[in-house]
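Heads up, data32.cif below (mmCIF, C-alpha atoms):
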```cif
data_final
#
loop_
_atom_site.label_atom_id
_atom_site.label_comp_id
_atom_site.auth_asym_id
_atom_site.auth_seq_id
_atom_site.Cartn_x
_atom_site.Cartn_y
_atom_site.Cartn_z
CA MET A 4 0.00 0.00 0.00
CA HIS A 5 0.98 3.64 -0.45
CA ILE A 6 1.12 5.53 2.86
CA PHE A 7 1.19 9.31 2.79
CA ILE A 8 2.68 10.91 5.92
CA LEU A 9 1.93 14.56 6.66
CA THR A 10 3.94 16.33 9.36
CA ARG A 11 5.19 19.82 10.24
CA GLY A 12 7.46 21.47 12.80
CA SER A 13 11.06 20.92 13.85
CA LEU A 14 13.42 17.98 13.36
CA GLY A 15 11.83 16.24 16.35
CA ASP A 16 8.49 16.35 14.53
CA VAL A 17 9.92 14.83 11.35
CA GLN A 18 12.61 12.32 12.32
CA PRO A 19 10.28 9.74 13.98
CA PHE A 20 8.16 9.68 10.82
CA VAL A 21 11.26 9.11 8.70
CA ALA A 22 12.08 6.16 10.95
CA LEU A 23 8.58 4.76 10.53
CA GLY A 24 8.58 5.39 6.80
CA LYS A 25 11.89 3.61 6.39
CA TYR A 26 10.59 0.64 8.38
CA MET A 27 7.38 0.47 6.35
CA LYS A 28 9.31 0.65 3.08
CA ALA A 29 11.46 -2.30 4.21
CA ALA A 30 8.18 -4.19 4.79
CA GLY A 31 7.19 -3.60 1.17
CA HIS A 32 5.08 -0.44 1.36
CA LYS A 33 5.41 2.75 -0.67
CA VAL A 34 5.88 5.82 1.55
CA THR A 35 5.68 9.54 0.83
CA ILE A 36 6.47 12.09 3.53
CA CYS A 37 5.13 15.60 3.05
CA THR A 38 6.81 18.24 5.21
CA HIS A 39 8.97 21.35 5.03
CA SER A 40 11.35 21.46 2.08
CA ASN A 41 14.45 21.83 4.28
CA PHE A 42 13.89 18.19 5.34
CA GLU A 43 13.75 16.83 1.79
CA PRO A 44 17.41 15.59 1.88
CA LEU A 45 16.73 13.71 5.12
CA ILE A 46 13.68 12.02 3.63
CA THR A 47 15.09 11.13 0.22
CA GLY A 48 18.41 10.16 1.79
CA HIS A 49 16.57 7.31 3.50
CA GLY A 50 14.99 6.17 0.25
CA LEU A 51 11.53 7.68 0.80
CA LEU A 52 9.43 9.80 -1.52
CA TYR A 53 9.08 13.49 -0.73
CA GLY A 54 5.93 15.63 -0.92
CA TYR A 55 6.54 19.36 -1.05
CA MET A 56 5.57 21.82 1.70
CA ASN A 57 7.21 25.23 2.13
CA ASP A 58 9.62 25.75 5.04
CA ASP A 59 8.31 29.14 6.19
CA LEU A 60 7.37 27.66 9.56
CA THR A 61 10.97 26.54 10.13
CA HIS A 62 12.16 30.12 9.80
CA LEU A 63 9.46 31.32 12.19
CA ILE A 64 10.40 28.70 14.80
CA LYS A 65 14.01 29.96 14.76
CA SER A 66 13.01 33.63 14.86
CA HIS A 67 13.69 36.04 17.71
CA LEU A 68 9.93 36.46 18.12
CA VAL A 69 9.57 32.85 19.30
CA ASN A 70 12.40 33.25 21.81
CA GLU A 71 11.05 36.55 23.07
CA THR A 72 7.55 35.15 23.43
CA VAL A 73 8.75 32.14 25.42
CA GLU A 74 10.91 34.32 27.64
CA GLY A 75 8.12 36.88 27.89
CA SER A 76 5.90 34.34 29.61
CA LYS A 77 7.39 35.65 32.86
CA ARG A 78 5.61 38.93 32.07
CA ARG A 79 1.96 38.51 31.13
CA LYS A 80 1.85 41.49 28.75
CA GLY A 81 4.96 40.33 26.91
CA PHE A 82 3.62 36.80 26.58
CA PHE A 83 0.19 37.71 25.20
CA ARG A 84 1.61 40.37 22.91
CA GLY A 85 4.05 37.79 21.53
CA ILE A 86 1.26 35.22 21.07
CA SER A 87 -0.80 37.78 19.15
CA GLU A 88 2.13 38.61 16.86
CA LEU A 89 2.89 34.93 16.33
CA LYS A 90 -0.71 34.23 15.32
CA GLN A 91 -0.60 37.05 12.78
CA GLN A 92 2.57 35.65 11.23
CA LEU A 93 1.41 32.04 11.47
CA ARG A 94 -1.92 32.56 9.72
CA PRO A 95 -0.61 33.02 6.14
CA ILE A 96 2.11 30.43 6.73
CA GLN A 97 -0.52 27.93 7.82
CA GLN A 98 -2.59 28.66 4.73
CA ARG A 99 0.39 28.04 2.46
CA MET A 100 1.23 24.77 4.25
CA HIS A 101 -2.38 23.71 3.83
CA ASN A 102 -2.37 24.45 0.09
CA ASP A 103 1.07 22.90 -0.53
CA SER A 104 0.20 19.67 1.26
CA TRP A 105 -3.15 19.40 -0.54
CA LYS A 106 -1.38 19.55 -3.88
CA SER A 107 1.12 16.92 -2.72
CA VAL A 108 -1.45 14.44 -1.44
CA LYS A 109 -3.54 14.77 -4.63
CA GLU A 110 -0.48 13.99 -6.76
CA ALA A 111 0.53 11.02 -4.58
CA GLN A 112 -2.88 9.26 -4.68
CA PRO A 113 -2.16 7.18 -1.54
CA ASP A 114 -4.16 4.43 0.15
CA LEU A 115 -3.90 5.85 3.65
CA LEU A 116 -3.11 9.21 5.26
CA LEU A 117 -1.01 9.26 8.45
CA PHE A 118 -0.68 12.70 9.99
CA HIS A 119 1.17 14.42 12.81
CA SER A 120 -1.14 15.97 15.41
CA GLN A 121 0.07 19.42 14.29
CA ALA A 122 -1.12 18.80 10.72
CA PHE A 123 -4.72 19.08 11.91
CA TRP A 124 -6.19 19.63 8.42
CA ALA A 125 -5.36 16.10 7.26
CA PRO A 126 -8.76 14.56 8.18
CA ASP A 127 -10.40 16.96 5.73
CA PHE A 128 -8.09 15.71 2.99
CA GLY A 129 -9.06 12.17 3.89
CA GLU A 130 -12.76 13.06 3.70
CA LYS A 131 -12.35 14.64 0.28
CA LEU A 132 -10.31 11.76 -1.15
CA GLY A 133 -12.15 8.96 0.62
CA LEU A 134 -9.03 7.84 2.50
CA PRO A 135 -8.71 6.33 5.97
CA VAL A 136 -6.75 8.61 8.31
CA ILE A 137 -4.62 7.89 11.36
CA MET A 138 -3.12 10.49 13.67
CA ALA A 139 0.32 10.04 15.21
CA THR A 140 1.83 12.10 18.00
CA ILE A 141 5.03 12.07 20.01
CA THR A 142 3.37 13.37 23.20
CA PRO A 143 0.30 12.24 25.20
CA SER A 144 -1.40 15.61 24.80
CA SER A 145 -4.20 15.01 22.31
CA VAL A 146 -6.56 12.36 23.70
CA PRO A 147 -8.46 13.46 26.85
CA THR A 148 -7.84 11.59 30.09
CA GLY A 149 -8.60 12.05 33.75
CA LYS A 150 -5.14 10.81 34.70
CA PHE A 151 -3.34 14.08 33.97
CA PRO A 152 -4.25 17.50 32.56
CA HIS A 153 -3.44 18.75 29.09
CA LEU A 154 0.23 19.69 28.88
CA LEU A 155 -0.69 23.38 28.61
CA PHE A 156 -2.07 23.14 32.14
CA LYS A 157 0.70 21.01 33.59
CA HIS A 158 0.64 22.63 37.05
CA TRP A 159 -3.11 22.29 37.60
CA LYS A 160 -4.15 19.80 40.28
CA ILE A 161 -7.93 19.56 39.85
CA GLY A 162 -8.82 15.87 39.87
CA LYS A 163 -9.84 13.55 37.04
CA TRP A 164 -12.91 15.50 35.89
CA GLY A 165 -10.98 18.75 35.90
CA ASN A 166 -8.15 17.07 34.02
CA ARG A 167 -10.50 15.98 31.26
CA LEU A 168 -11.91 19.49 31.09
CA THR A 169 -8.47 20.95 30.31
CA TYR A 170 -8.44 19.14 26.96
CA GLN A 171 -11.68 20.84 25.98
CA ILE A 172 -10.28 24.19 27.09
CA ALA A 173 -7.09 23.67 25.07
CA THR A 174 -9.09 22.67 21.99
CA LYS A 175 -11.32 25.74 22.23
CA LEU A 176 -8.36 28.04 22.78
CA PHE A 177 -6.79 27.03 19.48
CA ALA A 178 -9.92 26.04 17.54
CA PRO A 179 -10.51 29.50 16.00
CA GLU A 180 -7.06 29.52 14.40
CA LYS A 181 -7.39 25.92 13.26
CA LEU A 182 -10.90 26.32 11.94
CA ARG A 183 -10.04 29.41 9.90
CA SER A 184 -7.73 27.49 7.58
CA VAL A 185 -9.95 24.40 7.52
CA HIS A 186 -13.10 26.39 6.81
CA GLU A 187 -11.55 28.32 3.92
CA TRP A 188 -10.30 25.09 2.33
CA ARG A 189 -13.66 23.33 2.75
CA GLN A 190 -15.55 26.21 1.18
CA ILE A 191 -13.65 25.45 -2.03
CA HIS A 192 -13.32 21.66 -1.95
CA LEU A 193 -16.26 20.43 0.18
CA PRO A 194 -18.93 23.13 -0.18
CA SER A 195 -21.81 20.67 0.26
CA THR A 196 -20.65 19.97 3.83
CA HIS A 197 -20.18 23.62 4.73
CA GLN A 198 -21.67 23.03 8.19
CA HIS A 199 -18.42 21.25 9.04
CA LYS A 200 -17.08 24.68 10.08
CA THR A 201 -18.49 24.10 13.58
CA ARG A 202 -16.51 20.91 14.17
CA LEU A 203 -13.61 21.19 16.58
CA PRO A 204 -10.55 19.65 14.89
CA ASP A 205 -9.69 17.49 17.91
CA ALA A 206 -13.18 16.24 18.68
CA ASP A 207 -12.89 12.70 17.30
CA LEU A 208 -9.43 11.66 18.43
CA GLY A 209 -9.35 8.09 19.65
CA GLN A 210 -12.96 7.61 18.59
CA ARG A 211 -13.47 8.05 14.85
CA ILE A 212 -9.79 8.82 14.26
CA PRO A 213 -7.23 6.27 15.58
CA VAL A 214 -4.25 7.78 17.40
CA LEU A 215 -0.76 6.27 17.63
CA HIS A 216 1.46 7.62 20.41
CA ALA A 217 5.11 7.20 19.44
CA HIS A 218 6.56 7.01 22.92
CA SER A 219 7.45 4.23 25.31
CA PRO A 220 4.78 2.66 27.54
CA SER A 221 7.58 2.26 30.08
CA VAL A 222 7.89 6.05 30.21
CA SER A 223 4.28 7.15 29.76
CA PRO A 224 1.79 4.26 29.79
CA ALA A 225 -1.64 4.55 28.20
CA PRO A 226 -4.24 5.82 30.70
CA ALA A 227 -6.99 3.31 31.46
CA ASP A 228 -9.70 5.75 30.36
CA TRP A 229 -8.41 6.27 26.82
CA PRO A 230 -10.74 5.06 24.03
CA ASP A 231 -10.06 1.79 22.25
CA GLN A 232 -8.41 3.42 19.23
CA ALA A 233 -5.73 5.28 21.19
CA PHE A 234 -2.49 3.29 21.32
CA VAL A 235 1.02 3.64 22.77
CA THR A 236 3.36 1.90 20.35
CA GLY A 237 6.83 2.54 21.75
CA TYR A 238 9.40 4.99 20.36
CA TRP A 239 10.18 5.32 16.65
CA PHE A 240 13.95 5.55 16.55
CA LEU A 241 15.89 6.48 13.42
CA GLU A 242 19.18 4.64 13.74
CA LYS A 243 22.45 6.21 12.65
CA GLU A 244 23.78 5.44 9.22
CA GLU A 245 26.21 2.51 9.15
CA THR A 246 28.72 4.68 7.32
CA TRP A 247 28.81 7.30 10.11
CA GLN A 248 32.21 7.72 11.74
CA ALA A 249 32.97 9.62 14.94
CA PRO A 250 35.41 12.52 14.45
CA PRO A 251 38.92 11.56 15.63
CA GLU A 252 39.05 14.67 17.85
CA LEU A 253 35.91 13.55 19.68
CA LEU A 254 37.28 10.03 20.17
CA ASP A 255 40.52 11.48 21.54
CA PHE A 256 38.60 13.68 23.99
CA LEU A 257 36.50 10.77 25.24
CA GLU A 258 39.60 8.65 25.81
CA GLN A 259 41.48 11.35 27.72
CA GLY A 260 39.49 11.11 30.95
CA ASP A 261 36.31 10.10 32.76
CA PRO A 262 33.01 10.10 30.85
CA PRO A 263 31.84 13.70 30.33
CA VAL A 264 28.43 15.26 30.92
CA TYR A 265 26.44 16.03 27.77
CA PHE A 266 24.65 19.39 27.34
CA GLY A 267 22.20 20.05 24.51
CA PHE A 268 19.29 22.49 24.35
CA GLY A 269 17.90 22.09 20.87
CA SER A 270 17.47 24.95 18.44
CA ILE A 271 15.66 27.32 20.82
CA PRO A 272 17.62 27.59 24.12
CA GLY A 273 15.95 30.80 25.27
CA SER A 274 16.91 34.33 24.32
CA ASP A 275 20.36 34.41 25.96
CA PRO A 276 22.53 31.49 24.81
CA LYS A 277 25.71 33.16 26.09
CA LYS A 278 24.28 33.21 29.61
CA LEU A 279 23.29 29.56 29.28
CA LEU A 280 26.80 28.64 28.19
CA SER A 281 28.26 30.55 31.14
CA ILE A 282 26.01 28.60 33.54
CA ILE A 283 27.11 25.29 32.00
CA LEU A 284 30.81 26.11 32.26
CA GLU A 285 30.51 27.28 35.86
CA ALA A 286 28.56 24.14 36.79
CA LEU A 287 31.30 21.97 35.30
CA GLU A 288 33.91 23.92 37.22
CA ARG A 289 31.98 23.38 40.47
CA THR A 290 31.65 19.64 39.85
CA GLU A 291 35.20 19.23 38.46
CA MET A 292 33.74 17.20 35.59
CA ARG A 293 34.28 17.23 31.85
CA GLY A 294 31.60 18.29 29.38
CA LEU A 295 30.32 17.89 25.83
CA ILE A 296 28.28 20.81 24.48
CA ALA A 297 26.07 20.42 21.41
CA ALA A 298 25.83 23.42 19.13
CA GLY A 299 22.10 23.00 18.59
CA CYS A 300 21.82 24.64 15.15
CA ASP A 301 24.34 27.32 16.13
CA SER A 302 22.21 28.40 19.10
CA LEU A 303 25.01 27.80 21.62
CA PRO A 304 28.44 29.36 20.97
CA ILE A 305 30.91 26.47 21.24
CA ILE A 306 34.14 28.33 20.51
CA ALA A 307 36.94 29.21 22.94
CA LEU A 308 35.97 26.43 25.36
CA PRO A 309 38.21 25.31 28.24
CA LYS A 310 40.25 22.12 27.82
CA ASN A 311 37.81 20.03 29.85
CA VAL A 312 34.93 20.89 27.49
CA PHE A 313 34.44 19.78 23.88
CA GLY A 314 31.99 21.22 21.34
CA ILE A 315 30.11 18.85 19.06
CA ASP A 316 27.61 19.07 16.23
CA GLY A 317 25.72 16.34 14.39
CA VAL A 318 26.77 13.42 16.61
CA PRO A 319 24.06 10.70 16.77
CA HIS A 320 22.58 10.41 20.25
CA GLU A 321 22.44 6.61 20.12
CA TRP A 322 26.22 6.53 19.68
CA LEU A 323 27.03 9.31 22.12
CA PHE A 324 24.77 8.86 25.13
CA PRO A 325 26.10 5.43 26.23
CA ARG A 326 29.52 7.12 26.48
CA VAL A 327 28.56 9.99 28.83
CA ALA A 328 28.08 10.21 32.59
CA ALA A 329 24.78 12.08 32.33
CA ALA A 330 22.70 13.95 29.77
CA VAL A 331 21.50 17.50 30.44
CA HIS A 332 19.00 18.78 27.89
CA HIS A 333 15.81 20.71 27.20
CA GLY A 334 13.50 17.72 27.40
CA GLY A 335 12.38 17.50 23.78
CA ALA A 336 10.55 14.24 23.17
CA GLY A 337 13.24 12.87 20.84
CA THR A 338 16.21 13.78 23.01
CA THR A 339 14.46 12.42 26.11
CA ALA A 340 13.76 9.17 24.29
CA ALA A 341 17.40 8.85 23.26
CA SER A 342 18.87 9.56 26.71
CA LEU A 343 16.47 7.17 28.44
CA ARG A 344 17.03 4.40 25.87
CA SER A 345 20.75 4.62 26.47
CA GLY A 346 20.29 4.08 30.21
CA CYS A 347 21.86 7.46 30.84
CA PRO A 348 20.92 9.48 33.98
CA THR A 349 19.01 12.51 32.72
CA ILE A 350 18.59 16.12 33.84
CA ILE A 351 15.88 18.04 31.99
CA CYS A 352 15.87 21.85 31.89
CA PRO A 353 12.54 22.56 30.20
CA LEU A 354 11.60 25.75 28.42
CA GLN A 355 8.21 25.16 26.77
CA GLY A 356 5.63 22.78 25.35
CA ASP A 357 5.87 19.13 26.35
CA GLN A 358 9.32 19.52 27.92
CA PRO A 359 8.09 19.97 31.55
CA TYR A 360 6.01 16.79 31.19
CA TRP A 361 9.01 14.69 30.20
CA GLY A 362 11.05 16.28 32.97
CA ASN A 363 8.48 15.21 35.52
CA ARG A 364 8.32 11.70 34.08
CA VAL A 365 12.12 11.32 34.35
CA GLN A 366 11.96 12.35 38.00
CA ASP A 367 8.95 10.11 38.75
CA LEU A 368 10.73 7.13 37.18
CA GLY A 369 13.81 7.77 39.31
CA ALA A 370 16.00 7.97 36.19
CA GLY A 371 17.22 11.50 36.81
CA SER A 372 16.92 14.63 38.86
CA ARG A 373 14.03 16.97 39.46
CA PRO A 374 13.59 19.15 36.34
CA ILE A 375 15.13 22.62 36.47
CA PRO A 376 13.19 25.15 34.34
CA GLN A 377 15.57 27.18 32.20
CA LYS A 378 14.11 30.38 33.61
CA LYS A 379 15.32 29.28 37.06
CA LEU A 380 18.57 27.66 35.97
CA THR A 381 21.68 28.60 37.92
CA ALA A 382 25.18 27.15 38.01
CA GLU A 383 24.63 26.05 41.60
CA ALA A 384 21.36 24.23 40.85
CA LEU A 385 22.83 22.59 37.76
CA ALA A 386 25.98 21.47 39.59
CA THR A 387 23.87 20.00 42.41
CA ALA A 388 21.77 18.02 39.94
CA ILE A 389 24.84 16.74 38.07
CA LEU A 390 26.46 15.51 41.28
CA GLU A 391 23.18 13.89 42.32
CA VAL A 392 22.61 11.84 39.16
CA THR A 393 26.25 10.82 38.74
CA SER A 394 26.81 9.74 42.35
CA ASP A 395 23.44 8.28 43.39
CA GLU A 396 23.64 4.57 42.53
CA LYS A 397 19.87 4.16 42.77
CA ILE A 398 19.31 6.76 40.04
CA ARG A 399 22.00 5.18 37.89
CA GLN A 400 20.44 1.73 38.36
CA ASN A 401 16.93 3.00 37.56
CA ALA A 402 18.25 4.63 34.40
CA ARG A 403 20.02 1.44 33.31
CA GLU A 404 16.94 -0.72 33.92
CA LEU A 405 14.65 1.71 32.11
CA GLY A 406 17.03 1.71 29.16
CA ILE A 407 16.90 -2.09 29.00
CA ARG A 408 13.08 -2.05 28.93
CA ILE A 409 12.95 0.60 26.21
CA ARG A 410 15.49 -1.23 24.06
CA ALA A 411 13.35 -4.39 24.30
CA GLU A 412 10.33 -2.59 22.84
CA ASN A 413 9.70 -2.48 19.10
CA GLY A 414 7.68 0.65 18.52
CA LEU A 415 8.11 0.54 14.75
CA ARG A 416 6.83 -3.03 14.47
CA ASN A 417 3.89 -2.25 16.77
CA ALA A 418 3.01 0.85 14.74
CA LEU A 419 3.13 -0.98 11.42
CA ASP A 420 0.94 -3.81 12.75
CA LEU A 421 -1.65 -1.29 13.91
CA ILE A 422 -1.56 0.66 10.64
CA GLU A 423 -2.00 -2.49 8.55
CA ASN A 424 -4.86 -3.69 10.76
CA ILE A 425 -6.61 -0.31 10.63
CA LEU A 426 -6.36 -0.21 6.83
CA ALA A 427 -7.58 -3.81 6.52
CA THR A 428 -10.58 -3.04 8.77
CA SER A 429 -11.34 0.09 6.76
CA ARG A 430 -11.34 -1.85 3.49
CA ALA A 431 -13.49 -4.61 4.95
CA THR A 432 -16.02 -2.03 6.17
CA GLU A 433 -16.19 -0.43 2.72
CA GLN A 434 -16.98 -3.82 1.15
#
```
This structure in structure tokens:
Amino acid sequence: MHIFILTRGSLGDVQPFVALGKYMKAAGHKVTICTHSNFEPLITGHGLLYGYMNDDLTHLIKSHLVNETVEGSKRRKGFFRGISELKQQLRPIQQRMHNDSWKSVKEAQPDLLLFHSQAFWAPDFGEKLGLPVIMATITPSSVPTGKFPHLLFKHWKIGKWGNRLTYQIATKLFAPEKLRSVHEWRQIHLPSTHQHKTRLPDADLGQRIPVLHAHSPSVSPAPADWPDQAFVTGYWFLEKEETWQAPPELLDFLEQGDPPVYFGFGSIPGSDPKKLLSIILEALERTEMRGLIAAGCDSLPIIALPKNVFGIDGVPHEWLFPRVAAAVHHGGAGTTAASLRSGCPTIICPLQGDQPYWGNRVQDLGAGSRPIPQKKLTAEALATAILEVTSDEKIRQNARELGIRIRAENGLRNALDLIENILATSRATEQ
């Protein structure tokens, strides 16, 4: 069968789908991934077909406005002003993504449409083309549950009914922006079902629309009150290329002393990367440990570092993390998955989105320290956490055991089985 994957966002929103696409192709399926054009080499480099979508959103994600809005959350006026400006810039970008992906899916003529939770317009494409649709997400933030609140309301403690209510609130907060693009598209392509404009995009998740959660059940198990079509498959890891070779300078550094501490904060490490780097270096000085600092798309300046610190860029996590004493990072879903799979003690310094959730899960599982929000990060707090996770044998043991469990899971196989079963059921129902 021909599976069309629609996703948008950063590398962490694309790479798991490349892993799944590669696995499905090896099983004999044809796979097209439609996403931002800057990811085309990644997709085609793994032997998959590419469907065009502009990369305007990528530039917006890396803009100063995003940093300033995140940092401005400490000041209510700054936060809401930033959100308003972001919405204004996002609106035309969203419309172009919608139009580009529609053209791509029409040209591909697939049998099934698999979409990232952020590509919320995909069900409308499926309706127009008569295709079954499946949503996939890397965080447990789409299907309502009473077990925990929506990730936007992570600090609320309001019981199971209140928790479920937060998902409705989150949907209604963002529904106007979502519905604008959907409604305009449907006016042109599905005018006879114009009343669809009142539907909330997230209303049918886990009911009419199956949802695959691409994270480990050992890290975040499926809540008992999820509907029958909401699944936790396990992580979708994209393994490093067999031809990849570690730089000789990095190998020399690793061999010159004790395992270092890894630091990586993705492509958006707040608005003051120089301050963040200063905190890291002072924390290493306090702990008398060595460090590896990831450039993170040039967001951290890794020049003129002391001898006990080495700057890296483009080193696969699955190769690196088993060789470090601990991993300190922002708590992105992909980086968290990689550090936990390696059995590496983890310190999460969250900034936004789902990052606080993963930080809390790491602490609850005993595989790392209490999360330290980047807004409250100091050299003293970071040094204390590093010493804790590298010296506490219980944390180190928990991390090792969790890594063993994750490595025993086969998220890609589980996902493919579910996708094939869902498509087979859909075809049987049509007959």
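Nearest residue to A:Ser144 among A:Glu130, A:Asp420, A:Asp357, A:Glu288 is A:Asp357, counting all atoms listed in the file.
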Return as JSON lines the residues of stretch 182-292 of chain A lying at most 10 Å from stretch 318-342 of chain A, together with the closest atom-to-atom pair for each and the distance in Å to one decimal, counting all atoms listed in the file, with rows in chain order and ascending residue number.
```
{"residue": "A:Ala217", "atom": "CA", "partner": "A:Ala336", "partner_atom": "CA", "distance": 9.6}
{"residue": "A:His218", "atom": "CA", "partner": "A:Ala340", "partner_atom": "CA", "distance": 7.6}
{"residue": "A:Ser219", "atom": "CA", "partner": "A:Ala340", "partner_atom": "CA", "distance": 8.1}
{"residue": "A:Val222", "atom": "CA", "partner": "A:Ala340", "partner_atom": "CA", "distance": 8.9}
{"residue": "A:Gly237", "atom": "CA", "partner": "A:Ala340", "partner_atom": "CA", "distance": 9.9}
{"residue": "A:Tyr238", "atom": "CA", "partner": "A:Ala340", "partner_atom": "CA", "distance": 7.2}
{"residue": "A:Trp239", "atom": "CA", "partner": "A:Gly337", "partner_atom": "CA", "distance": 9.2}
{"residue": "A:Phe240", "atom": "CA", "partner": "A:Ala341", "partner_atom": "CA", "distance": 8.2}
{"residue": "A:Leu241", "atom": "CA", "partner": "A:Glu321", "partner_atom": "CA", "distance": 9.4}
{"residue": "A:Glu242", "atom": "CA", "partner": "A:Glu321", "partner_atom": "CA", "distance": 7.4}
{"residue": "A:Lys243", "atom": "CA", "partner": "A:Pro319", "partner_atom": "CA", "distance": 6.3}
{"residue": "A:Glu244", "atom": "CA", "partner": "A:Pro319", "partner_atom": "CA", "distance": 9.2}
{"residue": "A:Trp247", "atom": "CA", "partner": "A:Pro319", "partner_atom": "CA", "distance": 8.9}
{"residue": "A:Gln248", "atom": "CA", "partner": "A:Val318", "partner_atom": "CA", "distance": 9.3}
{"residue": "A:Ala249", "atom": "CA", "partner": "A:Val318", "partner_atom": "CA", "distance": 7.5}
{"residue": "A:Pro250", "atom": "CA", "partner": "A:Val318", "partner_atom": "CA", "distance": 9.0}
{"residue": "A:Leu253", "atom": "CA", "partner": "A:Val318", "partner_atom": "CA", "distance": 9.6}
{"residue": "A:Leu257", "atom": "CA", "partner": "A:Arg326", "partner_atom": "CA", "distance": 8.0}
{"residue": "A:Asp261", "atom": "CA", "partner": "A:Ala328", "partner_atom": "CA", "distance": 8.2}
{"residue": "A:Pro262", "atom": "CA", "partner": "A:Val327", "partner_atom": "CA", "distance": 4.9}
{"residue": "A:Pro263", "atom": "CA", "partner": "A:Val327", "partner_atom": "CA", "distance": 5.2}
{"residue": "A:Val264", "atom": "CA", "partner": "A:Ala329", "partner_atom": "CA", "distance": 5.0}
{"residue": "A:Tyr265", "atom": "CA", "partner": "A:Ala330", "partner_atom": "CA", "distance": 4.7}
{"residue": "A:Phe266", "atom": "CA", "partner": "A:Val331", "partner_atom": "CA", "distance": 4.8}
{"residue": "A:Gly267", "atom": "CA", "partner": "A:His332", "partner_atom": "CA", "distance": 4.8}
{"residue": "A:Phe268", "atom": "CA", "partner": "A:His333", "partner_atom": "CA", "distance": 4.8}
{"residue": "A:Gly269", "atom": "CA", "partner": "A:His333", "partner_atom": "CA", "distance": 6.8}
{"residue": "A:Ser270", "atom": "CA", "partner": "A:His333", "partner_atom": "CA", "distance": 9.9}
{"residue": "A:Ile271", "atom": "CA", "partner": "A:His333", "partner_atom": "CA", "distance": 9.2}
{"residue": "A:Pro272", "atom": "CA", "partner": "A:His333", "partner_atom": "CA", "distance": 7.8}
{"residue": "A:Ile283", "atom": "CA", "partner": "A:Val331", "partner_atom": "CA", "distance": 9.7}
{"residue": "A:Met292", "atom": "CA", "partner": "A:Ala328", "partner_atom": "CA", "distance": 9.5}
```
Residues from the last selection, C-alpha atoms, saved as a short mmCIF file (atom, residue, chain, number, x, y, z; two decimals), keeping the file's coordinate frame:
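Result file follows (out-v1.cif):
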```
data_model
loop_
_atom_site.label_atom_id
_atom_site.label_comp_id
_atom_site.auth_asym_id
_atom_site.auth_seq_id
_atom_site.Cartn_x
_atom_site.Cartn_y
_atom_site.Cartn_z
CA ALA A 217 5.11 7.20 19.44
CA HIS A 218 6.56 7.01 22.92
CA SER A 219 7.45 4.23 25.31
CA VAL A 222 7.89 6.05 30.21
CA GLY A 237 6.83 2.54 21.75
CA TYR A 238 9.40 4.99 20.36
CA TRP A 239 10.18 5.32 16.65
CA PHE A 240 13.95 5.55 16.55
CA LEU A 241 15.89 6.48 13.42
CA GLU A 242 19.18 4.64 13.74
CA LYS A 243 22.45 6.21 12.65
CA GLU A 244 23.78 5.44 9.22
CA TRP A 247 28.81 7.30 10.11
CA GLN A 248 32.21 7.72 11.74
CA ALA A 249 32.97 9.62 14.94
CA PRO A 250 35.41 12.52 14.45
CA LEU A 253 35.91 13.55 19.68
CA LEU A 257 36.50 10.77 25.24
CA ASP A 261 36.31 10.10 32.76
CA PRO A 262 33.01 10.10 30.85
CA PRO A 263 31.84 13.70 30.33
CA VAL A 264 28.43 15.26 30.92
CA TYR A 265 26.44 16.03 27.77
CA PHE A 266 24.65 19.39 27.34
CA GLY A 267 22.20 20.05 24.51
CA PHE A 268 19.29 22.49 24.35
CA GLY A 269 17.90 22.09 20.87
CA SER A 270 17.47 24.95 18.44
CA ILE A 271 15.66 27.32 20.82
CA PRO A 272 17.62 27.59 24.12
CA ILE A 283 27.11 25.29 32.00
CA MET A 292 33.74 17.20 35.59
#
```
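Note that atom CA of A:Met138 and atom CA of A:His39 are 18.4 Å apart.
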Which polymer residues have any atom within 9 Å of an atom of A:Ile425, counting all atoms listed in the file, with same-chain residues fewer than 4 positions away left out, as a count of residues only?
7
So that I can see what lies close to stretch 50-53 of chain A, please list as a ChimeraX atom specification the residues with an atom at most 9 Å from it, counting only C-alpha atoms and leaving out residues fewer than 4 positions away in the same chain.
/A:21,24-25,28,33-38,40,43-44,46,107
